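Q: Structure supplied as final34.cif; contents: mmCIF, C-alpha atoms.
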```
data_run
loop_
_atom_site.label_atom_id
_atom_site.label_comp_id
_atom_site.auth_asym_id
_atom_site.auth_seq_id
_atom_site.Cartn_x
_atom_site.Cartn_y
_atom_site.Cartn_z
CA MET A 604 -3.03 17.77 -42.53
CA THR A 605 -6.42 16.58 -41.39
CA ALA A 606 -4.90 13.46 -39.86
CA LEU A 607 -2.39 15.62 -37.97
CA ARG A 608 -5.18 17.80 -36.55
CA THR A 609 -7.13 14.72 -35.57
CA SER A 610 -4.07 13.30 -33.84
CA ARG A 611 -3.49 16.55 -31.94
CA SER A 612 -7.14 16.75 -30.94
CA GLY A 613 -7.08 13.18 -29.69
CA ARG A 614 -3.91 13.82 -27.70
CA THR A 615 -5.42 16.98 -26.20
CA GLY A 616 -8.52 15.04 -25.21
CA GLN A 617 -6.38 12.40 -23.52
CA TYR A 618 -4.46 15.05 -21.56
CA LEU A 619 -7.71 16.71 -20.46
CA ALA A 620 -9.17 13.38 -19.35
CA LEU A 621 -5.96 12.60 -17.44
CA LEU A 622 -6.03 16.05 -15.81
CA CYS A 623 -9.66 15.55 -14.72
CA TYR A 624 -8.77 12.15 -13.28
CA LEU A 625 -5.82 13.61 -11.35
CA VAL A 626 -8.04 16.37 -9.95
CA PHE A 627 -10.59 13.75 -8.93
CA LEU A 628 -7.90 11.76 -7.10
CA ALA A 629 -6.26 14.79 -5.50
CA PHE A 630 -9.45 16.45 -4.23
CA PRO A 631 -9.84 14.42 -0.99
CA PHE A 632 -6.17 14.82 -0.11
CA LEU A 633 -6.15 18.57 -0.76
CA TRP A 634 -9.33 19.00 1.26
CA LEU A 635 -7.76 16.99 4.08
CA ILE A 636 -4.73 19.29 4.12
CA SER A 637 -6.96 22.35 4.12
CA THR A 638 -9.02 21.00 7.01
CA ALA A 639 -5.92 20.13 9.03
CA PHE A 640 -4.84 23.79 9.11
CA LYS A 641 -8.26 25.37 9.78
CA PRO A 642 -9.17 26.74 13.23
CA PRO A 643 -12.45 25.58 14.86
CA ARG A 644 -14.24 28.74 13.71
CA GLU A 645 -13.60 27.94 10.04
CA LEU A 646 -14.35 24.23 10.49
CA GLY A 647 -17.86 25.12 11.66
CA SER A 648 -18.46 27.70 8.95
CA LEU A 649 -21.45 27.30 6.64
CA HIS A 650 -19.32 28.61 3.78
CA PRO A 651 -16.14 26.48 3.71
CA THR A 652 -13.13 27.71 1.79
CA TRP A 653 -10.31 25.87 0.06
CA ILE A 654 -7.54 27.92 1.64
CA PRO A 655 -7.70 28.54 5.40
CA GLU A 656 -8.22 32.23 6.15
CA ASP A 657 -6.38 31.95 9.47
CA PRO A 658 -4.15 28.83 9.24
CA THR A 659 -3.07 27.29 12.51
CA LEU A 660 -0.97 24.40 13.84
CA ASP A 661 -3.18 23.94 16.90
CA ASN A 662 -4.84 20.90 15.34
CA PHE A 663 -1.48 19.12 15.11
CA ARG A 664 -0.53 20.02 18.68
CA GLN A 665 -3.91 18.89 19.93
CA ALA A 666 -3.67 15.62 17.98
CA PHE A 667 -0.34 14.75 19.58
CA ASP A 668 -1.58 15.79 23.02
CA GLU A 669 -4.74 13.69 22.83
CA GLN A 670 -3.39 10.47 21.30
CA PRO A 671 -0.04 8.60 21.21
CA LEU A 672 0.44 9.09 17.48
CA LEU A 673 4.19 8.49 17.42
CA ARG A 674 3.91 5.17 19.25
CA ALA A 675 1.03 4.07 17.01
CA ALA A 676 2.97 5.12 13.91
CA GLY A 677 5.95 3.09 15.11
CA ASN A 678 3.75 0.02 15.55
CA SER A 679 2.29 0.48 12.07
CA LEU A 680 5.74 0.97 10.56
CA VAL A 681 7.13 -2.19 12.15
CA ALA A 682 4.12 -4.26 11.09
CA ALA A 683 4.03 -2.88 7.54
CA LEU A 684 7.77 -3.18 6.85
CA ALA A 685 7.98 -6.68 8.28
CA ALA A 686 4.91 -7.86 6.38
CA ALA A 687 6.17 -6.38 3.09
CA LEU A 688 9.64 -7.90 3.46
CA ILE A 689 8.40 -11.36 4.43
CA ALA A 690 5.72 -11.41 1.72
CA VAL A 691 8.23 -10.50 -1.00
CA VAL A 692 10.81 -13.03 0.21
CA ILE A 693 8.20 -15.80 0.13
CA ALA A 694 6.42 -14.74 -3.07
CA THR A 695 9.45 -14.20 -5.32
CA PRO A 696 10.69 -17.82 -5.61
CA MET A 697 7.11 -19.09 -5.69
CA ALA A 698 6.27 -16.71 -8.55
CA TYR A 699 9.37 -17.75 -10.49
CA ALA A 700 8.48 -21.43 -10.16
CA MET A 701 4.85 -20.84 -11.20
CA ALA A 702 5.82 -18.66 -14.18
CA ARG A 703 8.57 -20.90 -15.53
CA ASN A 704 6.72 -24.20 -15.04
CA ARG A 705 3.31 -23.72 -16.59
CA THR A 706 1.26 -26.74 -15.64
CA LYS A 707 -2.41 -27.24 -14.87
CA LEU A 708 -1.52 -27.09 -11.19
CA SER A 709 0.20 -23.71 -11.51
CA THR A 710 -2.71 -22.37 -13.58
CA ALA A 711 -5.17 -23.54 -10.94
CA ALA A 712 -3.01 -22.00 -8.21
CA THR A 713 -2.96 -18.66 -10.03
CA GLY A 714 -6.74 -18.77 -10.38
CA TRP A 715 -7.11 -19.54 -6.68
CA VAL A 716 -4.85 -16.61 -5.84
CA VAL A 717 -7.19 -14.24 -7.67
CA VAL A 718 -10.36 -15.79 -6.23
CA SER A 719 -8.99 -15.64 -2.67
CA GLN A 720 -8.92 -11.85 -2.86
CA ALA A 721 -12.72 -11.83 -3.14
CA PHE A 722 -13.25 -13.24 0.36
CA PRO A 723 -14.31 -10.48 2.80
CA PHE A 724 -12.50 -10.04 6.10
CA VAL A 725 -15.60 -10.92 8.13
CA LEU A 726 -15.64 -14.52 6.84
CA VAL A 727 -12.14 -15.28 8.10
CA ILE A 728 -11.84 -13.22 11.27
CA ILE A 729 -13.40 -15.80 13.65
CA PRO A 730 -11.30 -18.84 12.58
CA LEU A 731 -8.28 -16.56 12.31
CA PHE A 732 -8.83 -15.30 15.84
CA LEU A 733 -9.13 -18.85 17.19
CA ILE A 734 -5.94 -19.95 15.41
CA LEU A 735 -3.95 -17.01 16.75
CA LYS A 736 -5.39 -17.56 20.21
CA ASN A 737 -4.13 -21.15 20.22
CA LEU A 738 -0.72 -19.87 19.11
CA HIS A 739 -0.77 -17.20 21.87
CA LEU A 740 -0.43 -14.46 19.27
CA ILE A 741 -3.48 -12.39 20.18
CA ASN A 742 -2.54 -8.84 21.20
CA ALA A 743 0.91 -9.23 19.66
CA LEU A 744 2.44 -7.42 16.70
CA SER A 745 3.99 -10.69 15.55
CA GLY A 746 0.52 -12.19 15.17
CA LEU A 747 -0.69 -9.14 13.24
CA ILE A 748 2.37 -9.33 10.97
CA MET A 749 1.59 -12.98 10.26
CA VAL A 750 -1.96 -12.04 9.26
CA TYR A 751 -0.73 -9.24 7.00
CA VAL A 752 1.72 -11.58 5.28
CA VAL A 753 -0.95 -14.20 4.64
CA TRP A 754 -3.43 -11.60 3.43
CA SER A 755 -1.06 -9.79 1.05
CA LEU A 756 0.79 -12.87 -0.19
CA PRO A 757 -1.77 -14.01 -2.83
CA PHE A 758 -1.88 -10.68 -4.63
CA ALA A 759 1.89 -10.23 -4.27
CA LEU A 760 2.36 -13.65 -5.84
CA TRP A 761 -0.01 -12.81 -8.68
CA MET A 762 1.84 -9.54 -9.36
CA LEU A 763 5.26 -11.18 -9.40
CA VAL A 764 4.12 -13.99 -11.70
CA GLY A 765 3.31 -11.35 -14.30
CA TYR A 766 6.71 -9.71 -13.90
CA VAL A 767 8.55 -13.04 -14.18
CA ARG A 768 6.65 -13.95 -17.35
CA ALA A 769 7.70 -10.60 -18.83
CA VAL A 770 11.38 -11.58 -18.52
CA PRO A 771 12.36 -13.33 -21.78
CA ARG A 772 13.54 -16.90 -21.39
CA GLU A 773 16.09 -16.21 -24.11
CA LEU A 774 18.15 -14.11 -21.68
CA GLU A 775 18.47 -17.01 -19.27
CA GLU A 776 19.21 -19.41 -22.09
CA ALA A 777 21.92 -17.08 -23.43
CA ALA A 778 23.51 -16.89 -19.99
CA ALA A 779 23.45 -20.71 -19.76
CA VAL A 780 25.15 -20.95 -23.17
CA ASP A 781 27.86 -18.58 -21.91
CA GLY A 782 28.54 -21.01 -19.07
CA ALA A 783 26.62 -19.36 -16.24
CA GLY A 784 25.09 -21.76 -13.74
CA ARG A 785 21.51 -21.65 -12.60
CA VAL A 786 22.21 -19.59 -9.50
CA ARG A 787 24.49 -17.17 -11.39
CA THR A 788 21.81 -16.71 -14.04
CA LEU A 789 19.12 -15.95 -11.48
CA VAL A 790 21.32 -13.49 -9.57
CA SER A 791 23.00 -11.72 -12.49
CA VAL A 792 20.31 -11.78 -15.17
CA THR A 793 16.83 -12.46 -13.79
CA ALA A 794 17.04 -10.64 -10.46
CA PRO A 795 17.94 -7.19 -11.90
CA LEU A 796 15.08 -7.45 -14.36
CA LEU A 797 12.68 -8.38 -11.57
CA ALA A 798 13.84 -5.58 -9.27
CA PRO A 799 11.17 -3.05 -10.35
CA GLY A 800 8.46 -5.68 -9.89
CA ILE A 801 9.78 -6.70 -6.49
CA VAL A 802 9.87 -3.07 -5.38
CA ALA A 803 6.34 -2.44 -6.65
CA THR A 804 5.08 -5.57 -4.91
CA ALA A 805 6.78 -4.59 -1.65
CA LEU A 806 5.21 -1.14 -1.91
CA PHE A 807 1.78 -2.71 -2.40
CA ALA A 808 2.25 -4.97 0.63
CA PHE A 809 3.50 -2.06 2.74
CA ILE A 810 0.60 0.25 1.89
CA THR A 811 -1.91 -2.56 2.43
CA ALA A 812 -0.54 -3.25 5.92
CA TRP A 813 -0.07 0.45 6.77
CA ASN A 814 -3.70 1.31 5.99
CA GLU A 815 -5.28 -1.88 7.37
CA PHE A 816 -7.79 -1.33 10.18
CA PHE A 817 -10.10 -4.30 10.76
CA PHE A 818 -7.55 -6.97 11.72
CA ALA A 819 -5.64 -4.52 13.92
CA LEU A 820 -8.84 -3.53 15.71
CA VAL A 821 -9.82 -7.12 16.49
CA LEU A 822 -6.41 -8.62 17.26
CA LEU A 823 -4.74 -5.83 19.25
CA LYS A 824 -6.28 -4.89 22.57
CA SER A 825 -3.52 -3.12 24.52
CA PRO A 826 -3.39 0.64 23.77
CA GLU A 827 0.41 0.56 23.58
CA LYS A 828 0.28 -1.99 20.74
CA GLN A 829 -2.43 -0.42 18.59
CA THR A 830 -1.60 0.75 15.09
CA LEU A 831 -2.18 4.19 13.61
CA PRO A 832 -5.51 3.49 11.81
CA VAL A 833 -7.00 2.22 15.08
CA VAL A 834 -5.74 5.20 17.06
CA LEU A 835 -7.30 7.58 14.52
CA THR A 836 -10.75 6.29 15.52
CA HIS A 837 -10.14 7.64 19.03
CA PHE A 838 -10.77 11.13 17.69
CA LEU A 839 -14.44 10.13 17.37
CA GLY A 840 -16.55 10.91 20.41
CA ALA A 841 -18.91 8.54 22.20
CA GLU A 842 -21.81 9.75 20.06
CA GLY A 843 -19.86 9.53 16.82
CA VAL A 844 -19.03 13.24 16.69
CA ALA A 845 -15.57 13.72 15.20
CA ASP A 846 -12.98 16.09 16.56
CA LEU A 847 -12.52 17.18 12.98
CA GLY A 848 -9.44 19.40 13.20
CA PRO A 849 -7.14 17.02 15.12
CA LEU A 850 -8.53 14.07 13.15
CA ALA A 851 -7.65 15.73 9.83
CA ALA A 852 -4.21 16.66 11.13
CA ALA A 853 -3.50 13.10 12.32
CA ALA A 854 -4.86 11.60 9.09
CA PHE A 855 -2.66 13.93 7.05
CA LEU A 856 0.40 12.83 9.02
CA ALA A 857 -0.62 9.19 8.51
CA THR A 858 -0.44 9.60 4.72
CA ILE A 859 3.10 11.01 4.72
CA PRO A 860 5.08 7.72 5.12
CA SER A 861 3.42 6.14 2.08
CA LEU A 862 4.07 9.25 -0.01
CA VAL A 863 7.69 9.49 1.11
CA ILE A 864 8.40 5.81 0.44
CA PHE A 865 6.78 6.01 -3.00
CA ALA A 866 8.75 9.16 -3.83
CA ILE A 867 12.00 7.44 -2.85
CA ILE A 868 11.49 4.25 -4.81
CA GLN A 869 9.42 5.45 -7.76
CA LYS A 870 12.54 5.66 -9.94
CA ARG A 871 13.26 2.05 -9.07
CA ILE A 872 9.77 1.08 -10.19
CA THR A 873 9.86 2.92 -13.52
CA GLY A 874 13.52 2.53 -14.34
CA GLY A 875 15.93 -0.30 -14.77
CA MET A 876 13.58 -2.60 -16.67
CA LEU A 877 16.45 -3.60 -18.97
CA ALA A 878 19.13 -3.70 -16.27
CA GLY A 879 21.13 -6.87 -16.54
CA ALA A 880 19.99 -7.61 -20.06
CA VAL A 881 23.33 -6.56 -21.55
CA LYS A 882 26.19 -8.99 -21.05
CA SER A 883 29.26 -7.52 -19.45
#
```
Taking this structure as input, can you express it in the form of structure tokens?

A:
Amino acid sequence: MTALRTSRSGRTGQYLALLCYLVFLAFPFLWLISTAFKPPRELGSLHPTWIPEDPTLDNFRQAFDEQPLLRAAGNSLVAALAAALIAVVIATPMAYAMARNRTKLSTAATGWVVVSQAFPFVLVIIPLFLILKNLHLINALSGLIMVYVVWSLPFALWMLVGYVRAVPRELEEAAAVDGAGRVRTLVSVTAPLLAPGIVATALFAFITAWNEFFFALVLLKSPEKQTLPVVLTHFLGAEGVADLGPLAAAAFLATIPSLVIFAIIQKRITGGMLAGAVKS
């Protein structure tokens, strides 16, 4: 009986800790939504409230009137989707080779992948700018996509290596015993098991590119080619004073694509881990 009470108390403590963590994560987003719907009078109030007393859509109308948000969102979407797709296509076969052939070279490569993520953007921006300038890719979305692929590829590779290692070799060996060739085994057995990992990796690459600011600021000069994070900075005045209402409205809209994509594919991430494991 005592053990049961202890177990229940421990479980309750875990739920409370998880609830506190969720509240901590949700607070900035909820405050952003609240700010986006507040009129200027409430934004300047000395006693801010959670729920707007007089909610308005003027901040959203003003945001669209002041800045080309749709065009910037389109640029961000193209860059993020292309970078995620290319990174996953490149990283998947590389990860499979590194996971299935464990040598000193593959171990060193995995270590280098992790270490490379510690390099700050400032250290690479000058040589990167010079390389893209020689390739005539400055002020071009294709150049920015190339940068996003290179920057997200190491971590994508590291993620996929872990997923590949989680797939039992015995499944591939069983398929080979049944007469399946190498390609058939990879397509029918390994690929379905890797699908959640591939989707999660693509989501990571997409969100990384969608939220990226520094490279887009340096590499894109034409206003019609700027991405959404760069355009959001235009709501800051010359003296650093933010047009808070339209900025909050635009920032809220900028978070929607990531939330929608995650909501669509979250079942793919959490489900299907044993798909393909049963022989038909």

Q: I'd like to know which of A:Ile868, A:Glu775, A:Val764, A:Leu850 is closest to Arg705 in chain A, using only C-alpha atoms.

A: A:Val764

Q: For Leu756 in chain A, please output as an MDAnalysis selection string all residues within 9 Å (counting all atoms listed in the file; exclusion window: fewer than 6 positions along the same chain).

A: chainID A and resid 690:691 693:694 716 808

Q: Please measure the separation of CA of Thr804 in chain A and CA of Ile741 in chain A, giving the value in Å to one decimal.

A: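 Distance between the two atoms: 27.4 Å.
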
Q: Grab the CA of Ser679 in chain A to CA of Pro832 in chain A distance for me, in Å with one decimal place.

A: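 Separation of CA of Ser679 in chain A and CA of Pro832 in chain A: 8.4 Å.
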
Q: Evaluated on this file, the PyMOL selection byres ((chain A and resi 851) around 8) picks out some residues - which ones are they, written as a PyMOL selection string?

A: chain A and resi 635-636+638-639+847-850+852-855

Q: Please determine, counting only C-alpha atoms, which residue among A:Ala783, A:Tyr624, A:Ile748, A:Gln829 has the shortest atom-to-atom distance to Ala683 in chain A.

A: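 Checking each candidate against Ala683 in chain A, we get A:Ile748 as the closest.
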
Q: Can you pull out the residues contacting Tyr766 in chain A? Cut-off 6 Å, using all atoms listed in the file, and skip same-chain residues under 3 positions away; I want them as a list in words.

A: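 Neighbouring residues, sequence-local ones excluded: Leu763, Ala769 and Gly800 of chain A.
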
Q: In Å, rounded to a single decimal, give me how far CA of Leu856 in chain A is from CA of Phe667 in chain A.

A: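 Result for CA of Phe667 in chain A versus CA of Leu856 in chain A: 10.8 Å, one decimal.
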
Q: Could you tell me which residues the PyMOL selection byres ((chain A and resi 637) around 12) grabs in this file, written as a count of residues only?

A: 30

Q: Restricting the calculation to all atoms listed in the file, which member of A:Ala682, A:Leu862, A:Val770, A:Ala777 is positioned closest to Phe818 in chain A?

A: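 Closest residue, counting all atoms listed in the file: A:Ala682.
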
Q: From the set A:Ile867, A:Leu744, A:Leu839, A:Val753, which residue has the shortest atom-to-atom contact distance to Asn678 in chain A, counting all atoms listed in the file?

A: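 Checking each of A:Ile867, A:Leu744, A:Leu839, A:Val753 against Asn678 in chain A, counting all atoms listed in the file, the winner is A:Leu744.
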
Q: Using only C-alpha atoms, determine which residues lie at most 9 Å from Ala676 in chain A, disregarding the query and same-chain residues fewer than 2 positions distant; provide the list as number ranges by chain.

A: A: 671-674, 678-681, 830-832, 857

Q: Which residue out of A:Ala711, A:Leu622, A:Leu835, A:Val790 has the minimum interatomic distance to Phe816 in chain A when only C-alpha atoms are used?

A: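 Answer, going by the shortest atom-to-atom distance: A:Leu835.
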
Q: Which residues are near Phe732 in chain A? Cut-off 12 Å, all atoms listed in the file, ignore same chain within fewer than 3 positions. Put them as a tab-separated table (two decimals) with C-alpha atoms, in the frame of the given file.

A:
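See part.tsv below for the written result:
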```
chain	number	residue	atom	x	y	z
A	724	PHE	CA	-12.50	-10.04	6.10
A	725	VAL	CA	-15.60	-10.92	8.13
A	726	LEU	CA	-15.64	-14.52	6.84
A	727	VAL	CA	-12.14	-15.28	8.10
A	728	ILE	CA	-11.84	-13.22	11.27
A	729	ILE	CA	-13.40	-15.80	13.65
A	735	LEU	CA	-3.95	-17.01	16.75
A	736	LYS	CA	-5.39	-17.56	20.21
A	737	ASN	CA	-4.13	-21.15	20.22
A	738	LEU	CA	-0.72	-19.87	19.11
A	739	HIS	CA	-0.77	-17.20	21.87
A	740	LEU	CA	-0.43	-14.46	19.27
A	741	ILE	CA	-3.48	-12.39	20.18
A	742	ASN	CA	-2.54	-8.84	21.20
A	746	GLY	CA	0.52	-12.19	15.17
A	747	LEU	CA	-0.69	-9.14	13.24
A	750	VAL	CA	-1.96	-12.04	9.26
A	818	PHE	CA	-7.55	-6.97	11.72
A	819	ALA	CA	-5.64	-4.52	13.92
A	820	LEU	CA	-8.84	-3.53	15.71
A	821	VAL	CA	-9.82	-7.12	16.49
A	822	LEU	CA	-6.41	-8.62	17.26
A	823	LEU	CA	-4.74	-5.83	19.25
```
